[in-house]
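Dropping input31.txt in here (compact mmCIF, C-alpha atoms):
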```
# COMPACT_ATOMS: atom_id res chain seq x y z
CA MET A 1 87.35 73.66 102.18
CA THR A 2 88.98 76.58 104.02
CA LYS A 3 92.19 74.60 104.47
CA HIS A 4 92.17 73.66 100.78
CA VAL A 5 91.73 77.32 99.80
CA LEU A 6 94.53 78.53 102.05
CA THR A 7 96.95 75.77 101.10
CA GLY A 8 96.31 76.11 97.37
CA GLY A 9 96.52 79.89 97.49
CA LEU A 10 99.75 79.97 99.47
CA ILE A 11 101.53 77.39 97.32
CA ALA A 12 100.34 78.85 94.02
CA GLY A 13 101.19 82.38 95.13
CA LEU A 14 104.66 81.35 96.28
CA VAL A 15 105.45 79.59 93.00
CA ALA A 16 104.00 82.43 90.92
CA GLY A 17 105.89 85.00 93.00
CA LEU A 18 109.20 83.28 92.29
CA PHE A 19 108.31 83.06 88.60
CA ALA A 20 107.40 86.75 88.67
CA VAL A 21 110.75 87.73 90.15
CA LEU A 22 112.57 85.76 87.45
CA LEU A 23 110.65 87.48 84.66
CA GLN A 24 110.86 90.93 86.23
CA LEU A 25 114.60 90.77 86.83
CA THR A 26 115.13 89.54 83.27
CA PHE A 27 112.79 91.77 81.29
CA VAL A 28 111.48 94.67 83.41
CA VAL A 29 114.18 95.73 85.87
CA PRO A 30 116.81 96.52 83.17
CA LEU A 31 114.42 99.02 81.56
CA LEU A 32 113.48 100.38 84.97
CA LEU A 33 117.13 100.98 85.81
CA GLU A 34 117.67 102.66 82.45
CA GLY A 35 114.70 104.93 83.14
CA GLU A 36 116.25 105.90 86.48
CA LEU A 37 119.36 107.10 84.64
CA TYR A 38 117.21 109.65 82.80
CA GLU A 39 115.36 110.57 86.00
CA SER A 40 118.62 111.29 87.82
CA GLY A 41 120.12 113.21 84.90
CA ASP A 42 122.98 110.75 84.37
CA ARG A 43 121.57 110.23 80.90
CA VAL A 44 119.74 112.96 78.93
CA HIS A 45 117.27 112.45 76.12
CA PHE A 46 117.93 114.72 73.13
CA GLY A 47 120.66 116.43 75.12
CA THR A 48 124.40 116.30 75.55
CA GLY A 49 124.30 113.22 77.71
CA GLY A 50 124.67 109.69 76.48
CA PRO A 51 125.69 106.24 77.60
CA GLU A 52 129.15 107.55 78.34
CA SER A 53 127.75 110.10 80.81
CA ILE A 54 126.63 107.50 83.35
CA ALA A 55 128.15 108.42 86.69
CA GLY A 56 128.78 104.86 87.73
CA ALA A 57 127.13 101.57 88.50
CA PRO A 58 125.17 101.27 91.75
CA ALA A 59 126.86 99.50 94.62
CA ILE A 60 126.49 95.73 94.66
CA ASP A 61 125.11 95.78 98.20
CA GLY A 62 122.45 98.28 97.20
CA GLU A 63 121.45 96.19 94.21
CA MET A 64 121.18 93.07 96.36
CA MET A 65 118.97 94.87 98.86
CA ARG A 66 116.79 96.13 96.04
CA HIS A 67 116.40 92.66 94.53
CA ALA A 68 115.58 91.26 97.96
CA GLY A 69 112.86 93.88 98.33
CA THR A 70 111.53 93.01 94.87
CA LEU A 71 111.39 89.34 95.86
CA ALA A 72 109.57 90.06 99.12
CA MET A 73 106.99 92.38 97.54
CA SER A 74 106.43 89.96 94.67
CA LEU A 75 105.80 87.03 96.99
CA VAL A 76 103.37 88.99 99.15
CA SER A 77 101.49 90.40 96.14
CA TRP A 78 101.14 87.14 94.26
CA ILE A 79 100.15 85.17 97.34
CA GLY A 80 97.38 87.72 97.83
CA PHE A 81 96.28 87.41 94.20
CA ALA A 82 96.41 83.62 94.45
CA LEU A 83 94.20 83.59 97.54
CA LEU A 84 91.63 85.77 95.76
CA LEU A 85 91.76 83.47 92.74
CA VAL A 86 91.25 80.34 94.80
CA VAL A 87 88.36 81.96 96.68
CA GLY A 88 86.85 82.50 93.24
CA PHE A 89 87.37 78.80 92.51
CA ALA A 90 85.51 77.95 95.71
CA LEU A 91 82.57 80.19 94.83
CA ALA A 92 82.46 78.72 91.33
CA ALA A 93 82.53 75.19 92.76
CA ARG A 94 79.52 75.97 94.94
CA ALA A 95 77.70 77.03 91.78
CA GLY A 96 78.56 73.73 90.12
CA HIS A 97 81.55 74.82 88.00
CA SER A 98 84.72 72.72 87.99
CA VAL A 99 88.23 74.15 87.78
CA ASP A 100 91.40 72.42 86.59
CA ALA A 101 94.75 73.64 85.28
CA ARG A 102 93.37 74.60 81.85
CA LYS A 103 90.37 76.45 83.24
CA GLY A 104 92.60 77.96 85.90
CA ALA A 105 94.77 79.46 83.16
CA ILE A 106 91.63 81.10 81.74
CA TRP A 107 90.84 82.46 85.22
CA GLY A 108 94.38 83.80 85.34
CA LEU A 109 93.92 85.50 81.97
CA ALA A 110 90.75 87.12 83.31
CA GLY A 111 92.73 88.29 86.34
CA PHE A 112 95.30 89.87 84.03
CA ILE A 113 92.57 91.69 82.10
CA ALA A 114 90.97 93.01 85.29
CA VAL A 115 94.09 93.95 87.26
CA ALA A 116 96.55 94.96 84.54
CA LEU A 117 95.21 95.34 81.01
CA ALA A 118 91.99 97.27 81.67
CA PRO A 119 93.61 99.80 84.05
CA ALA A 120 96.50 100.22 81.60
CA MET A 121 94.07 101.60 79.02
CA GLY A 122 93.86 104.71 81.18
CA LEU A 123 96.97 104.52 83.35
CA ALA A 124 99.80 102.85 81.48
CA PRO A 125 102.82 101.50 83.39
CA GLU A 126 105.20 104.41 83.95
CA LEU A 127 108.95 104.75 84.09
CA PRO A 128 110.61 106.68 86.94
CA GLY A 129 110.47 110.43 86.43
CA THR A 130 107.09 110.40 84.68
CA ILE A 131 104.80 113.19 85.90
CA ALA A 132 101.21 112.05 86.42
CA ALA A 133 97.91 113.21 87.90
CA GLU A 134 97.28 113.31 91.66
CA LEU A 135 97.98 109.92 93.26
CA GLY A 136 94.73 109.62 95.21
CA ALA A 137 92.57 110.17 92.13
CA ARG A 138 94.57 107.61 90.17
CA GLN A 139 94.26 105.04 92.96
CA ILE A 140 90.49 105.49 93.11
CA TRP A 141 90.13 105.14 89.34
CA TRP A 142 92.43 102.10 89.25
CA SER A 143 90.56 100.35 92.08
CA ALA A 144 87.16 101.06 90.53
CA THR A 145 88.39 99.79 87.16
CA VAL A 146 89.64 96.53 88.66
CA VAL A 147 86.40 95.88 90.56
CA LEU A 148 84.11 96.79 87.67
CA THR A 149 86.14 94.83 85.12
CA ALA A 150 86.23 91.75 87.35
CA GLY A 151 82.49 92.04 87.92
CA GLY A 152 81.85 92.46 84.21
CA LEU A 153 83.91 89.41 83.32
CA ALA A 154 82.10 87.41 85.99
CA ALA A 155 78.78 88.48 84.48
CA PHE A 156 79.96 87.29 81.06
CA ALA A 157 81.15 83.96 82.43
CA PHE A 158 78.44 83.06 84.93
CA GLY A 159 75.49 85.32 84.18
CA LYS A 160 72.47 84.10 82.25
CA GLY A 161 70.63 85.95 79.55
CA PRO A 162 71.19 89.19 77.68
CA VAL A 163 70.67 91.32 80.78
CA ALA A 164 73.78 89.82 82.41
CA VAL A 165 75.80 90.35 79.24
CA PHE A 166 74.64 93.95 78.95
CA ALA A 167 75.38 94.64 82.63
CA GLY A 168 78.85 93.14 82.25
CA ALA A 169 79.60 95.25 79.19
CA VAL A 170 78.45 98.42 80.96
CA ALA A 171 80.57 97.60 84.03
CA ILE A 172 83.69 97.08 81.92
CA ALA A 173 83.15 100.18 79.80
CA LEU A 174 82.09 102.56 82.59
CA PRO A 175 85.53 103.55 84.00
CA HIS A 176 86.81 104.24 80.48
CA ILE A 177 83.75 106.33 79.66
CA VAL A 178 84.42 108.36 82.82
CA GLY A 179 88.12 108.46 81.97
CA ALA A 180 91.27 108.13 84.03
CA PRO A 181 92.75 111.19 85.78
CA THR A 182 95.23 112.84 83.41
CA LEU A 183 97.23 116.03 83.12
CA ASP A 184 96.60 118.71 80.51
CA THR A 185 99.99 118.15 78.92
CA TYR A 186 102.78 115.58 78.82
CA PHE A 187 105.91 115.58 80.94
CA GLY A 188 108.82 113.20 81.23
CA VAL A 189 112.55 112.93 80.92
CA SER A 190 112.76 109.44 79.41
CA PRO A 191 112.62 108.75 75.65
CA PRO A 192 109.09 107.86 74.52
CA GLU A 193 110.49 104.75 72.86
CA LEU A 194 111.81 103.53 76.22
CA SER A 195 108.52 104.32 77.94
CA ALA A 196 106.57 102.38 75.31
CA HIS A 197 108.97 99.45 75.54
CA PHE A 198 108.66 99.43 79.33
CA ALA A 199 104.84 99.50 79.27
CA ALA A 200 104.71 96.68 76.71
CA ARG A 201 107.09 94.51 78.72
CA VAL A 202 105.26 95.11 81.98
CA LEU A 203 101.98 94.01 80.41
CA ALA A 204 103.53 91.01 78.66
CA VAL A 205 105.24 89.84 81.84
CA SER A 206 102.06 90.40 83.85
CA ALA A 207 100.05 88.30 81.38
CA ALA A 208 102.54 85.44 81.60
CA ILE A 209 102.53 85.48 85.41
CA TRP A 210 98.74 85.62 85.69
CA VAL A 211 98.23 82.70 83.30
CA PHE A 212 100.94 80.73 85.09
CA LEU A 213 99.36 81.52 88.45
CA GLY A 214 95.92 80.44 87.25
CA ALA A 215 97.23 77.18 85.82
CA VAL A 216 99.14 76.29 88.99
CA ALA A 217 96.24 77.27 91.24
CA GLY A 218 93.79 75.33 89.07
CA TRP A 219 96.01 72.26 89.10
CA LEU A 220 96.29 72.40 92.87
CA TRP A 221 92.55 72.98 93.21
CA ALA A 222 91.74 69.91 91.10
CA ARG A 223 93.82 67.68 93.35
CA PRO A 224 92.00 65.95 96.21
CA ALA A 225 91.90 68.02 99.38
CA PRO A 226 94.22 66.73 102.13
CA ALA A 227 92.49 64.74 104.82
```
Please lay out the structure from this file as structure tokens.
Amino acid sequence: MTKHVLTGGLIAGLVAGLFAVLLQLTFVVPLLLEGELYESGDRVHFGTGGPESIAGAPAIDGEMMRHAGTLAMSLVSWIGFALLLVVGFALAARAGHSVDARKGAIWGLAGFIAVALAPAMGLAPELPGTIAAELGARQIWWSATVVLTAGGLAAFAFGKGPVAVFAGAVAIALPHIVGAPTLDTYFGVSPPELSAHFAARVLAVSAAIWVFLGAVAGWLWARPAPA
């Protein structure tokens, strides 16, 4: 069982990590780079700057190093997520629940809700140059939101009776009742339209990767374990 978990998690995470890099480089990184132009002052929102004020394109070598770093971080992150997902499959199997590619995709969607969508209700994805609340407080709130949301979804899926449903609903709602750490006013140098576009793309890409990861992990899990 342990070997099956490790093998499935590593393979699924590797495939999902490569898929993530493809989507991020296509849809997210261009907006990220545009946001950095406003952060550096090469482009100014509602000012005298414009597309023609860009100082110059980054060096090719620097871009290649950056993309290599994106690839490495993506692989490490998604392998970690995949291992957690497959451990969940193992626990579900012990409770008598089967997992295949279709059900794995649903697990992946639940992972997206817990890790990306629920935290984004309080801490939306941010472009470079965005001023936010103290980092430690945001990390604590984000971590608590992920754990409570995952626990709440698990209560909905595997709990029995109205008590489990009520406990799951309370767990999911609690971090949003408390509220994420925020500032008293808004800061930022990027256009709000660009920030909104960036947040929407990050969430859409994250949803696609999580569902893909769940489907691949579920498909691998349903295959017979190697002897």
Using all atoms listed in the file, tabulate the residues of stretch 12-52 of chain A lying at most 8 Å from any atom of stretch 115-138 of chain A, each with its closest atom pair and that distance in Å to one decimal, by chain and increasing residue number, as a Markdown table.
```
| residue | atom | partner | partner_atom | distance |
| --- | --- | --- | --- | --- |
| A:Leu32 | CA | A:Leu127 | CA | 6.4 |
| A:Gly35 | CA | A:Leu127 | CA | 5.8 |
| A:Glu36 | CA | A:Pro128 | CA | 5.7 |
| A:Tyr38 | CA | A:Gly129 | CA | 7.7 |
| A:Glu39 | CA | A:Gly129 | CA | 4.9 |
```
#### Entry: Residue list as a list in words for point (103.7, 86.2, 101.8), cut-off 12 Å, all atoms listed in the file
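Looking at atoms near the point gives Leu6, Gly9, Leu10, Ile11, Ala12, Gly13, Leu14, Val15, Ala16, Gly17, Leu18, Leu71, Ala72, Met73, Ser74, Leu75, Val76, Ser77, Trp78, Ile79, Gly80, Phe81, Ala82 and Leu83 of chain A.
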### Selection near A:Ala207, 9 Å with all atoms listed in the file, sequence-local residues under 6 positions removed, as a ChimeraX atom specification
/A:108-109,111-113,116-117
Write the residues of the preceding selection, restricted to C-alpha atoms, as a CSV table (one decimal), in the coordinates of the input.
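So the final result, stored in again.csv, reads:
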```csv
chain,number,residue,atom,x,y,z
A,108,GLY,CA,94.4,83.8,85.3
A,109,LEU,CA,93.9,85.5,82.0
A,111,GLY,CA,92.7,88.3,86.3
A,112,PHE,CA,95.3,89.9,84.0
A,113,ILE,CA,92.6,91.7,82.1
A,116,ALA,CA,96.6,95.0,84.5
A,117,LEU,CA,95.2,95.3,81.0
```
### Summary
From the list A:Val5, A:Leu153, A:Ala20, A:Ala95, the nearest residue to A:Val165 using only C-alpha atoms is A:Leu153
### Task
Rounded to one decimal place, report the atom CA of A:His97-atom CA of A:Ala157 distance in Å.
10.7 Å
### Query
Can you tell me, as a VMD selection string, what residues are no more than 9 Å from A:Phe89 when counting all atoms listed in the file, ignoring any on the same chain fewer than 3 positions away?
chain A and resid 5 84 to 86 92 to 94 97 to 99 104 107 218 221
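With only C-alpha atoms as the atoms that count, the minimum distance from A:Ala110 to the choices A:Phe158, A:Trp210, A:Trp219, A:Trp141 is reached by A:Trp210.
For the residues A:Val147, A:Leu91, A:Ile106, A:Ala199, ranking by smallest atom-to-atom distance to A:Gly214 using only C-alpha atoms places A:Ile106 first.
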### Task
Compare A:Arg43, A:Arg201, A:Lys103, A:His176 by their minimum atom-to-atom distance to A:Ala144, counting all atoms listed in the file, and give me the closest one.
A:His176
#### Entry: For stretch 29-31 of chain A: contacts at 9 Å, all atoms listed in the file, fewer than 5 positions along chain excluded, given as a count of residues only
7
### Query
Can you tell me how far atom CA of A:Gly151 sits from atom CA of A:Ala164, in Å to one decimal?
10.5 Å
### Message
I need the residue nearest A:Gly41 from this list: A:Ala196, A:Ala215, A:Val189, A:Ile177. Use only C-alpha atoms for the distance.
### Response
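Between A:Ala196, A:Ala215, A:Val189, A:Ile177, the residue approaching A:Gly41 most closely is A:Val189.
Selecting by distance to (82.7, 91.8, 84.5) with a limit of 9 Å and using all atoms listed in the file, one obtains Ala114, Val147, Leu148, Thr149, Ala150, Gly151, Gly152, Leu153, Ala154, Ala155, Phe156, Ala157, Val165, Ala167, Gly168, Ala169, Val170, Ala171 and Ile172 of chain A.
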### Query
What separation in Å, quoted to one decimal, exists between atom CA of A:Phe212 and atom CA of A:His4?
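Computed distance, atom CA of A:Phe212 to atom CA of A:His4, equals 19.3 Å.
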### Task
Point out the residue among A:Gly88, A:Arg66, A:Arg102, A:Ser143 with the least atom-to-atom distance to A:Ala222, counting all atoms listed in the file.
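Under the stated criterion, the closest residue is A:Arg102.
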